[in-house]
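Source file: work09.txt (compact mmCIF, C-alpha atoms)
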```txt
# COMPACT_ATOMS: atom_id res chain seq x y z
CA MET A 1 27.25 73.85 5.47
CA THR A 2 29.60 75.83 7.68
CA GLY A 3 30.36 75.90 11.34
CA TRP A 4 32.60 77.43 13.98
CA ARG A 5 35.86 75.70 14.81
CA ARG A 6 38.49 76.42 17.41
CA SER A 7 41.64 77.91 16.01
CA SER A 8 44.28 75.31 15.26
CA THR A 9 47.06 77.75 14.27
CA PRO A 10 50.35 76.60 15.84
CA ARG A 11 52.27 79.05 18.02
CA PRO A 12 54.97 80.41 15.66
CA TYR A 13 57.56 81.31 18.28
CA ARG A 14 57.45 78.14 20.36
CA THR A 15 60.66 76.68 18.97
CA ALA A 16 62.60 79.94 19.40
CA THR A 17 61.32 80.39 22.96
CA VAL A 18 62.34 76.90 24.03
CA LEU A 19 65.76 77.32 22.40
CA ALA A 20 66.41 80.66 24.13
CA ALA A 21 65.37 79.26 27.52
CA CYS A 22 67.73 76.32 27.13
CA MET A 23 70.70 78.52 26.17
CA ALA A 24 70.06 80.90 29.07
CA ALA A 25 69.92 78.16 31.68
CA VAL A 26 73.05 77.99 33.85
CA GLY A 27 75.19 74.94 33.12
CA VAL A 28 72.86 73.61 30.41
CA THR A 29 74.28 73.23 26.92
CA LEU A 30 72.28 73.26 23.72
CA GLY A 31 72.87 69.55 23.43
CA GLY A 32 70.93 69.03 26.65
CA CYS A 33 67.75 70.58 25.27
CA GLY A 34 65.89 67.49 24.16
CA MET A 35 62.36 68.90 23.97
CA LEU A 36 62.45 70.74 20.66
CA PRO A 37 59.45 69.93 18.42
CA GLY A 38 60.31 67.16 16.04
CA ASP A 39 63.39 66.11 18.01
CA SER A 40 63.46 62.34 18.41
CA GLY A 41 64.59 62.80 22.01
CA GLY A 42 61.47 64.82 22.85
CA SER A 43 58.23 63.63 24.39
CA ARG A 44 55.00 64.10 22.49
CA GLY A 45 51.65 63.67 24.16
CA PRO A 46 49.41 60.69 23.49
CA ILE A 47 46.48 61.00 21.11
CA THR A 48 43.18 59.47 22.16
CA VAL A 49 40.53 58.57 19.58
CA MET A 50 37.37 56.46 19.58
CA THR A 51 35.92 53.81 17.29
CA PHE A 52 32.32 52.73 17.84
CA ALA A 53 30.16 50.08 16.19
CA PRO A 54 27.20 47.84 17.08
CA ASP A 55 27.81 44.39 18.54
CA GLU A 56 25.56 41.57 19.76
CA THR A 57 22.38 43.12 18.36
CA ARG A 58 19.50 41.64 16.35
CA ALA A 59 20.41 43.69 13.27
CA THR A 60 23.78 44.58 11.72
CA ASN A 61 26.84 43.92 13.89
CA MET A 62 30.34 45.22 13.18
CA PRO A 63 32.67 43.92 15.94
CA GLY A 64 35.60 43.81 13.52
CA MET A 65 35.78 47.60 13.28
CA PRO A 66 36.76 48.38 16.90
CA ALA A 67 38.94 45.25 16.91
CA MET A 68 40.78 46.51 13.81
CA ALA A 69 41.24 49.90 15.50
CA GLN A 70 42.85 48.24 18.50
CA ALA A 71 45.15 46.18 16.27
CA TYR A 72 46.14 49.34 14.40
CA ALA A 73 47.06 51.05 17.68
CA LYS A 74 49.29 48.11 18.65
CA TYR A 75 50.92 48.26 15.21
CA VAL A 76 51.80 51.96 15.28
CA ASN A 77 52.73 52.05 18.98
CA GLU A 78 55.18 49.20 18.48
CA LYS A 79 56.93 51.48 15.98
CA GLY A 80 57.02 54.47 18.33
CA GLY A 81 53.53 55.80 17.74
CA ILE A 82 52.33 58.20 15.06
CA ASP A 83 54.94 60.92 14.61
CA GLY A 84 56.05 60.27 18.18
CA HIS A 85 52.53 60.22 19.68
CA GLU A 86 51.22 57.13 21.41
CA LEU A 87 47.84 56.22 19.89
CA ARG A 88 45.16 55.35 22.43
CA VAL A 89 41.95 53.83 21.08
CA LEU A 90 38.68 53.81 23.02
CA THR A 91 35.91 51.53 21.77
CA CYS A 92 32.16 51.73 22.32
CA ASN A 93 29.20 49.46 21.53
CA GLU A 94 26.73 51.61 19.60
CA ARG A 95 24.05 48.87 19.90
CA ASN A 96 22.18 49.95 16.74
CA THR A 97 20.09 52.40 18.78
CA THR A 98 19.86 56.18 18.93
CA ALA A 99 20.50 56.02 22.67
CA GLY A 100 23.59 53.87 22.14
CA ALA A 101 24.98 56.14 19.44
CA ALA A 102 24.40 59.23 21.56
CA ALA A 103 26.03 57.56 24.57
CA CYS A 104 29.15 56.72 22.55
CA ALA A 105 29.36 60.31 21.28
CA ARG A 106 28.94 61.75 24.79
CA ARG A 107 31.68 59.46 26.05
CA ALA A 108 33.95 60.64 23.23
CA VAL A 109 33.34 64.24 24.33
CA LYS A 110 33.91 63.42 28.01
CA GLU A 111 37.15 61.60 27.23
CA GLU A 112 38.29 64.56 25.09
CA VAL A 113 39.13 62.43 22.08
CA ALA A 114 40.91 64.03 19.14
CA ALA A 115 38.63 62.30 16.60
CA VAL A 116 36.13 59.49 16.11
CA VAL A 117 37.66 57.18 13.51
CA GLY A 118 36.49 54.24 11.37
CA SER A 119 33.10 53.77 13.03
CA TYR A 120 29.66 52.42 12.14
CA SER A 121 26.24 53.81 13.02
CA GLN A 122 22.93 54.26 11.25
CA ASN A 123 22.00 56.89 13.86
CA GLY A 124 23.83 59.87 12.46
CA ARG A 125 21.72 62.56 14.07
CA ALA A 126 22.21 61.03 17.52
CA PHE A 127 26.01 60.87 17.38
CA MET A 128 26.90 63.79 15.11
CA ALA A 129 25.26 66.58 17.11
CA PRO A 130 27.35 65.98 20.27
CA LEU A 131 30.52 65.64 18.19
CA GLU A 132 29.80 68.88 16.33
CA ALA A 133 29.13 70.73 19.60
CA ALA A 134 32.55 69.64 20.86
CA GLY A 135 34.32 70.23 17.53
CA ILE A 136 35.35 66.55 17.20
CA PRO A 137 35.90 65.34 13.61
CA TYR A 138 34.33 62.10 12.40
CA ILE A 139 36.79 60.39 10.04
CA GLY A 140 35.95 57.46 7.81
CA GLY A 141 32.50 56.43 8.90
CA TYR A 142 31.10 53.29 7.29
CA GLY A 143 28.72 55.33 5.16
CA VAL A 144 25.19 54.37 6.23
CA SER A 145 23.87 57.59 7.80
CA GLU A 146 22.90 60.83 6.10
CA GLU A 147 24.91 62.99 8.51
CA GLU A 148 28.17 61.35 7.44
CA PHE A 149 27.70 63.06 4.07
CA THR A 150 26.29 66.38 5.27
CA SER A 151 28.10 67.38 8.50
CA TYR A 152 30.98 69.86 8.14
CA LEU A 153 32.96 67.74 10.64
CA SER A 154 32.57 64.45 8.75
CA TYR A 155 35.31 63.22 6.45
CA PRO A 156 34.02 60.14 4.56
CA VAL A 157 36.44 57.81 2.77
CA ASN A 158 33.82 56.21 0.49
CA GLY A 159 30.56 57.17 -1.20
CA GLY A 160 28.42 55.20 1.25
CA GLN A 161 25.33 53.20 0.42
CA ALA A 162 24.42 55.77 -2.23
CA ALA A 163 27.51 55.00 -4.31
CA LEU A 164 27.02 51.24 -3.88
CA LEU A 165 23.39 51.31 -5.04
CA ALA A 166 24.14 53.62 -7.97
CA GLY A 167 27.04 51.37 -8.90
CA ASN A 168 25.02 48.20 -8.46
CA GLY A 169 22.48 49.55 -10.94
CA ARG A 170 25.24 50.28 -13.43
CA GLN A 171 26.67 46.79 -12.93
CA LEU A 172 23.34 44.99 -13.32
CA ALA A 173 22.21 47.00 -16.35
CA ALA A 174 24.76 45.17 -18.53
CA GLY A 175 23.50 41.65 -17.82
CA CYS A 176 19.98 41.79 -16.40
CA ARG A 177 16.77 42.26 -18.37
CA LYS A 178 14.64 42.79 -15.24
CA VAL A 179 15.78 43.50 -11.66
CA SER A 180 14.04 43.10 -8.31
CA LEU A 181 15.44 45.07 -5.35
CA VAL A 182 14.79 43.74 -1.84
CA ARG A 183 15.47 46.48 0.69
CA PRO A 184 14.50 47.57 4.22
CA ASP A 185 11.03 49.03 4.72
CA THR A 186 12.48 52.12 6.43
CA VAL A 187 12.89 55.82 5.67
CA ALA A 188 16.56 55.25 4.85
CA GLY A 189 15.58 52.31 2.65
CA ASP A 190 13.27 54.51 0.57
CA ASP A 191 16.27 56.10 -1.17
CA LEU A 192 17.73 52.78 -2.32
CA PRO A 193 15.41 52.04 -5.28
CA VAL A 194 15.85 55.62 -6.51
CA LEU A 195 19.63 55.23 -6.59
CA LEU A 196 19.53 51.72 -8.07
CA ASN A 197 17.10 52.79 -10.80
CA THR A 198 19.23 55.80 -11.72
CA GLY A 199 22.17 53.43 -12.14
CA LEU A 200 20.09 51.02 -14.20
CA LEU A 201 18.84 53.79 -16.47
CA SER A 202 22.36 55.17 -16.98
CA GLY A 203 23.28 51.72 -18.29
CA LYS A 204 20.18 51.54 -20.54
CA GLY A 205 18.38 49.18 -18.17
CA ARG A 206 14.78 49.12 -16.92
CA PRO A 207 13.65 50.41 -13.51
CA SER A 208 13.63 47.74 -10.82
CA THR A 209 10.72 46.25 -8.90
CA ASP A 210 10.80 47.53 -5.31
CA VAL A 211 10.30 44.74 -2.73
CA LYS A 212 10.10 46.05 0.84
CA ALA A 213 11.12 43.82 3.73
CA ALA A 214 11.42 43.98 7.51
CA GLU A 215 14.89 44.98 8.63
CA ASP A 216 15.20 42.32 11.35
CA ALA A 217 13.16 39.33 10.11
CA SER A 218 14.47 35.79 10.51
CA GLU A 219 13.04 34.58 7.18
CA TYR A 220 11.89 36.19 3.93
CA LEU A 221 10.05 33.50 1.95
CA LYS A 222 7.24 35.83 0.87
CA GLU A 223 9.63 38.56 -0.27
CA ALA A 224 11.92 36.02 -1.98
CA GLU A 225 9.04 34.59 -4.00
CA GLU A 226 7.83 38.05 -5.03
CA ALA A 227 11.34 39.13 -6.03
CA ARG A 228 11.92 36.01 -8.14
CA ASP A 229 8.55 36.23 -9.84
CA GLU A 230 9.03 39.90 -10.71
CA ALA A 231 12.54 39.34 -12.04
CA GLY A 232 11.18 36.91 -14.62
CA SER A 233 12.71 33.83 -16.17
CA GLU A 234 14.81 35.49 -18.88
CA LYS A 235 18.00 37.19 -17.65
CA GLY A 236 16.31 38.16 -14.40
CA CYS A 237 18.29 39.40 -11.40
CA VAL A 238 17.45 39.78 -7.72
CA THR A 239 19.58 42.15 -5.64
CA ALA A 240 19.13 42.41 -1.87
CA VAL A 241 20.47 45.10 0.45
CA LEU A 242 19.40 44.24 4.00
CA GLY A 243 22.64 44.58 5.95
CA GLU A 244 23.34 41.54 8.11
CA ARG A 245 19.85 40.16 7.34
CA THR A 246 20.78 39.80 3.67
CA ALA A 247 22.02 36.33 4.57
CA ASN A 248 18.55 35.44 5.89
CA PHE A 249 16.96 36.64 2.68
CA PHE A 250 19.18 34.56 0.41
CA ASP A 251 18.68 31.53 2.65
CA SER A 252 14.93 31.97 2.09
CA PHE A 253 15.53 32.50 -1.63
CA ARG A 254 17.46 29.24 -1.84
CA ARG A 255 14.58 27.36 -0.17
CA LEU A 256 11.97 28.44 -2.71
CA PRO A 257 10.40 25.58 -4.69
CA GLU A 258 12.26 25.09 -7.96
CA ASP A 259 10.77 26.54 -11.12
CA GLU A 260 12.00 27.19 -14.64
CA SER A 261 13.51 30.59 -13.90
CA ASP A 262 17.26 31.08 -13.95
CA VAL A 263 17.57 34.20 -11.84
CA ARG A 264 20.99 35.61 -11.00
CA ILE A 265 21.49 37.14 -7.56
CA SER A 266 23.37 40.25 -6.53
CA SER A 267 24.13 42.52 -3.60
CA VAL A 268 26.57 45.13 -2.36
CA LEU A 269 29.62 44.52 -0.21
CA SER A 270 28.11 46.29 2.78
CA SER A 271 25.58 43.42 2.94
CA VAL A 272 27.40 40.38 1.51
CA GLY A 273 31.10 39.64 1.86
CA GLN A 274 33.57 36.80 1.58
CA PRO A 275 32.88 35.48 5.12
CA LEU A 276 29.19 34.97 4.27
CA ILE A 277 30.07 33.36 0.93
CA ASP A 278 32.39 30.95 2.75
CA ARG A 279 29.78 30.09 5.41
CA THR A 280 27.13 29.30 2.81
CA GLY A 281 29.17 26.81 0.80
CA GLY A 282 31.63 28.81 -1.27
CA ALA A 283 31.71 27.60 -4.86
CA GLY A 284 28.84 25.19 -4.12
CA GLY A 285 26.71 27.79 -2.36
CA PRO A 286 24.01 30.20 -3.50
CA PHE A 287 26.37 33.09 -4.22
CA GLU A 288 28.39 31.42 -6.98
CA GLY A 289 28.17 33.71 -10.00
CA ALA A 290 26.61 36.57 -8.00
CA TYR A 291 27.34 40.18 -8.95
CA MET A 292 28.68 42.38 -6.14
CA THR A 293 29.43 46.10 -5.97
CA GLY A 294 32.02 47.34 -3.47
CA TRP A 295 33.91 50.46 -2.45
CA TYR A 296 37.39 48.97 -2.53
CA PRO A 297 39.49 46.40 -4.44
CA ASP A 298 38.59 42.75 -3.86
CA ALA A 299 39.94 41.21 -0.67
CA GLY A 300 42.58 39.17 -2.50
CA ASP A 301 44.20 42.27 -4.00
CA ALA A 302 47.86 42.77 -3.09
CA ARG A 303 47.12 46.32 -1.94
CA TRP A 304 45.63 44.90 1.26
CA GLY A 305 48.96 43.25 2.11
CA THR A 306 49.99 45.62 4.91
CA MET A 307 46.60 45.38 6.59
CA ARG A 308 46.73 41.59 6.46
CA GLU A 309 50.22 41.62 7.98
CA VAL A 310 49.05 43.88 10.82
CA ILE A 311 46.12 41.56 11.54
CA ARG A 312 48.43 38.53 11.58
CA ASN A 313 50.97 40.18 13.88
CA HIS A 314 48.73 42.17 16.21
CA ALA A 315 45.34 40.42 16.21
CA PHE A 316 46.31 36.79 15.84
CA GLY A 317 43.42 34.58 16.93
CA ASP A 318 40.93 37.46 17.14
CA ASN A 319 38.06 36.02 15.13
CA ARG A 320 36.22 39.35 15.16
CA ILE A 321 38.55 40.62 12.44
CA ASP A 322 38.17 39.36 8.89
CA PRO A 323 40.33 41.16 6.31
CA ALA A 324 37.62 40.58 3.69
CA ASP A 325 35.01 42.48 5.73
CA ALA A 326 34.11 45.93 4.36
CA GLY A 327 33.87 47.33 7.88
CA VAL A 328 37.37 46.19 8.79
CA GLN A 329 38.65 47.61 5.51
CA THR A 330 36.95 50.96 6.12
CA THR A 331 38.47 51.21 9.59
CA TRP A 332 41.93 50.48 8.18
CA ILE A 333 41.55 53.25 5.60
CA ALA A 334 40.18 55.67 8.21
CA TYR A 335 43.19 55.13 10.46
CA THR A 336 45.47 55.57 7.45
CA VAL A 337 43.88 59.02 7.06
CA LEU A 338 44.38 59.81 10.75
CA THR A 339 48.05 58.82 10.55
CA LYS A 340 48.71 61.01 7.51
CA VAL A 341 47.05 64.01 9.17
CA ILE A 342 49.01 63.67 12.42
CA GLU A 343 52.26 63.32 10.49
CA ALA A 344 51.42 66.40 8.42
CA LEU A 345 50.68 68.45 11.55
CA ASP A 346 54.05 67.57 13.15
CA ARG A 347 52.98 69.02 16.51
CA ASP A 348 53.61 68.09 20.13
CA SER A 349 49.90 68.45 20.92
CA VAL A 350 47.18 67.42 18.47
CA THR A 351 43.68 68.80 19.06
CA PRO A 352 40.35 68.08 17.32
CA GLY A 353 40.46 71.56 15.82
CA ALA A 354 43.94 71.01 14.43
CA ILE A 355 42.89 67.76 12.75
CA ALA A 356 39.76 69.31 11.23
CA HIS A 357 41.70 72.36 10.03
CA ALA A 358 44.35 70.18 8.38
CA LEU A 359 41.71 68.14 6.58
CA ASP A 360 39.79 71.22 5.48
CA THR A 361 42.88 72.95 4.12
CA GLY A 362 44.22 70.19 1.94
CA VAL A 363 46.04 67.28 3.57
CA ARG A 364 46.18 64.74 0.76
CA VAL A 365 45.97 61.08 1.75
CA ASP A 366 47.40 58.33 -0.43
CA THR A 367 45.83 55.03 0.65
CA GLY A 368 48.10 52.88 -1.48
CA GLY A 369 45.50 52.45 -4.21
CA LEU A 370 42.74 51.17 -1.92
CA THR A 371 40.85 54.34 -2.81
CA PRO A 372 41.65 57.25 -5.08
CA ALA A 373 43.76 59.88 -3.28
CA LEU A 374 41.57 61.54 -0.64
CA ARG A 375 41.32 65.25 0.15
CA TRP A 376 38.52 67.31 1.71
CA ARG A 377 39.08 70.90 0.60
CA PHE A 378 35.94 72.71 -0.50
CA GLU A 379 36.91 72.29 -4.14
CA ASP A 380 37.34 68.51 -3.63
CA LEU A 381 33.77 68.02 -2.38
CA LEU A 382 31.51 66.74 -5.12
CA GLY A 383 28.45 68.60 -3.85
CA VAL A 384 26.14 65.75 -4.86
CA PRO A 385 22.59 66.62 -3.71
CA GLY A 386 21.97 64.83 -0.44
CA PHE A 387 25.63 63.84 -0.16
CA PRO A 388 27.66 67.09 -0.32
CA ARG A 389 30.64 65.74 1.66
CA VAL A 390 31.43 62.89 -0.76
CA VAL A 391 34.98 63.09 -2.13
CA ASN A 392 35.27 59.49 -3.33
CA PRO A 393 32.38 58.49 -5.64
CA LYS A 394 34.15 55.43 -7.03
CA VAL A 395 33.16 51.78 -6.70
CA THR A 396 34.39 48.40 -7.88
CA PHE A 397 32.49 45.70 -9.77
CA GLN A 398 33.09 42.20 -8.44
CA VAL A 399 31.72 38.72 -9.04
CA VAL A 400 31.85 35.40 -7.16
CA ARG A 401 33.94 32.85 -9.10
CA ASP A 402 34.92 29.49 -7.62
CA GLY A 403 33.65 30.71 -4.27
CA ARG A 404 35.87 33.83 -4.19
CA LEU A 405 35.07 37.47 -4.74
CA VAL A 406 37.18 38.69 -7.63
CA ALA A 407 37.17 41.76 -9.84
CA GLU A 408 34.61 41.59 -12.64
CA ARG A 409 36.45 44.43 -14.34
CA PRO A 410 39.72 46.15 -13.37
CA GLY A 411 39.93 49.49 -11.62
CA PHE A 412 37.31 51.83 -10.20
CA VAL A 413 34.00 52.95 -11.70
CA ASP A 414 33.06 56.60 -11.11
CA VAL A 415 29.37 56.97 -10.18
CA ALA A 416 29.39 60.70 -9.35
CA ARG A 417 27.19 61.55 -12.32
CA THR A 418 24.77 58.74 -11.49
CA MET A 419 24.49 59.92 -7.88
CA SER A 420 23.95 63.51 -9.03
CA ASP A 421 21.15 62.44 -11.37
CA ALA A 422 19.21 60.51 -8.69
CA PRO A 423 15.98 62.41 -7.92
CA LEU A 424 16.20 62.13 -4.15
CA ALA A 425 13.70 64.06 -2.05
```

In structure tokens, how does this file's structure come out?
Amino acid sequence: MTGWRRSSTPRPYRTATVLAACMAAVGVTLGGCGMLPGDSGGSRGPITVMTFAPDETRATNMPGMPAMAQAYAKYVNEKGGIDGHELRVLTCNERNTTAGAAACARRAVKEEVAAVVGSYSQNGRAFMAPLEAAGIPYIGGYGVSEEEFTSYLSYPVNGGQAALLAGNGRQLAAGCRKVSLVRPDTVAGDDLPVLLNTGLLSGKGRPSTDVKAAEDASEYLKEAEEARDEAGSEKGCVTAVLGERTANFFDSFRRLPEDESDVRISSVLSSVGQPLIDRTGGAGGPFEGAYMTGWYPDAGDARWGTMREVIRNHAFGDNRIDPADAGVQTTWIAYTVLTKVIEALDRDSVTPGAIAHALDTGVRVDTGGLTPALRWRFEDLLGVPGFPRVVNPKVTFQVVRDGRLVAERPGFVDVARTMSDAPLA
């Protein structure tokens, strides 16, 4: 997919022009010219960006993402900004609705933001069209909408739900004889069993049983019973991917009458995380021994050290931010990308077109091992059918031991081939 962008070519003679004007001025020495680009005595304009996510809704809520964005702004501004630019972060409640997503995008356009960064929305069509019309790049979305992986102005930092489901299938194939998948009864949910089954088959496993469920139900006893029965009593596994309602499902699963089955449970780290494991009893709760597939290293990994320090120093007491939350982690990585791009541009004024051009032409972002190195040139795009903008198809396999999510195996697992093989419509 291609699209028009405003030119972001810097003016080549700006430095020489400023220098000549300074030297020609009566009584002004070269030492008095403090506005040269890159000069620490100069003044660079602020950069305004937006982070949006749903909050206080009946479905998935991600308040930690805008809160992490605000903490990141405090962190960089305390150090003098990003390459001399003050970072200003606008936040918006997307409300899990198409109207809310569109409203956030229109506000981003009205406020002339340089980028939308580290955000969450399932309503990709509603927010992406206004951003594309204004030429505003979308950096590091959470990975739950199709447009994040198809729009020419989207720069994803992970492989989204597709990578998680493909990876979850690979992970479960090794230890599960039969698998039941509980997923939303939605159009987006229809792709999940296809991806999971492709992962299972790549690991020599059987196709899963597809158990559809309401996206916003308060209890799932019927679906829990069906999933357990279909998984069977011998090395059976039940994996659920229902966003924030995954907790409701496993609560229902735990309340089923006991039988002779010994079913192991599983999910992905966009639906179950350490905070939920802690709330449900930790080592004594239902998730002990559960398999989990994530995008990033486990939350206890030393590579998250800087993020944790920023949260301690700049968001102390803000209970919206949990460093083990995948949304918070995604926002941190997205702002790491933004910082690297602004530093690479080294310009007094940073426009949306300049950011998009830098990303398209090869700015390479090292995230400190939290992801593989990220780059969005044409040759870096995997071109996976349905997900052409994916540049990071790697996931991690984790497991709950003694109430903590830890790595089941070291390093990343590449699921690009699995995603490519999925027969998506």

For region 137-201 of chain A against region 380-404 of chain A, with a cut-off of 10 Å and counting only C-alpha atoms, what is the closest atom pair and its distance in Å to one decimal for every residue that makes the cut, ordered by chain and number, as a tab-separated table?
```
residue	atom	partner	partner_atom	distance
A:Gly143	CA	A:Val390	CA	10.0
A:Glu146	CA	A:Phe387	CA	7.5
A:Glu147	CA	A:Phe387	CA	8.7
A:Glu148	CA	A:Arg389	CA	7.7
A:Phe149	CA	A:Arg389	CA	4.7
A:Thr150	CA	A:Arg389	CA	5.7
A:Ser151	CA	A:Arg389	CA	7.5
A:Tyr152	CA	A:Arg389	CA	7.7
A:Leu153	CA	A:Arg389	CA	9.5
A:Ser154	CA	A:Arg389	CA	7.5
A:Tyr155	CA	A:Arg389	CA	7.1
A:Pro156	CA	A:Val390	CA	6.5
A:Val157	CA	A:Asn392	CA	6.4
A:Asn158	CA	A:Asn392	CA	5.2
A:Gly159	CA	A:Pro393	CA	5.0
A:Gly160	CA	A:Val390	CA	8.5
A:Ala162	CA	A:Phe387	CA	8.4
A:Ala163	CA	A:Pro393	CA	6.1
A:Leu164	CA	A:Val395	CA	6.8
A:Leu165	CA	A:Val395	CA	9.9
A:Ala166	CA	A:Val395	CA	9.3
A:Gly167	CA	A:Val395	CA	6.5
A:Asn168	CA	A:Phe397	CA	8.0
A:Arg170	CA	A:Phe397	CA	9.3
A:Gln171	CA	A:Phe397	CA	6.7
A:Leu172	CA	A:Phe397	CA	9.8
```

Give as JSON, numbers by chain each residue that has an atom at most 9 Å from (30.0, 44.9, 12.6) in the file, counting all atoms listed in the file.
-> {"A": [53, 54, 55, 60, 61, 62, 63, 64, 65, 66, 120, 244, 320, 325, 327, 328]}

Å distance separating CA of Gly81 (chain A) from CA of Val365 (chain A), one decimal place =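 Result for CA of Gly81 (chain A) versus CA of Val365 (chain A): 18.5 Å, one decimal.
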
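Distance-wise, CA of Gly141 (chain A) and CA of Val109 (chain A) end up 17.3 Å apart.
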
Hey, what's within 12 Å of region 274-286 of chain A if we count all atoms listed in the file and toss same-chain stuff fewer than 5 positions away? As an NGL selection string, please?
-> :A and (243-255 or 263-269 or 291-292 or 294 or 298-300 or 319-326 or 398-406)

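When all atoms listed in the file are used to compute distances to Ala134 (chain A), the closest of the residues A:Pro352, A:Gly205, A:Gly411, A:Tyr220 turns out to be A:Pro352.
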
Which residue gives the smallest distance to Asp414 (chain A) among A:Gly80, A:Pro184, A:Gly199, A:Gly232, with only C-alpha atoms counted?
->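 Once distances to Asp414 (chain A) are computed over only C-alpha atoms, the minimum belongs to A:Gly199.
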
What is the distance between CA of Phe287 (chain A) and CA of Glu219 (chain A), in Å to one decimal?
-> 17.6 Å

With all atoms listed in the file as the atoms that count, which of A:Ala103, A:Val310, A:Cys176, A:Val211 lies nearest to Asp190 (chain A)?
->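 Answer, going by the shortest atom-to-atom distance: A:Val211.
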
Rank nothing, just name the residue among A:Ala334, A:Ala227, A:Ala126, A:Val116 nearest to Gly100 (chain A), using only C-alpha atoms.
->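 Among the listed residues, A:Ala126 lies closest to Gly100 (chain A).
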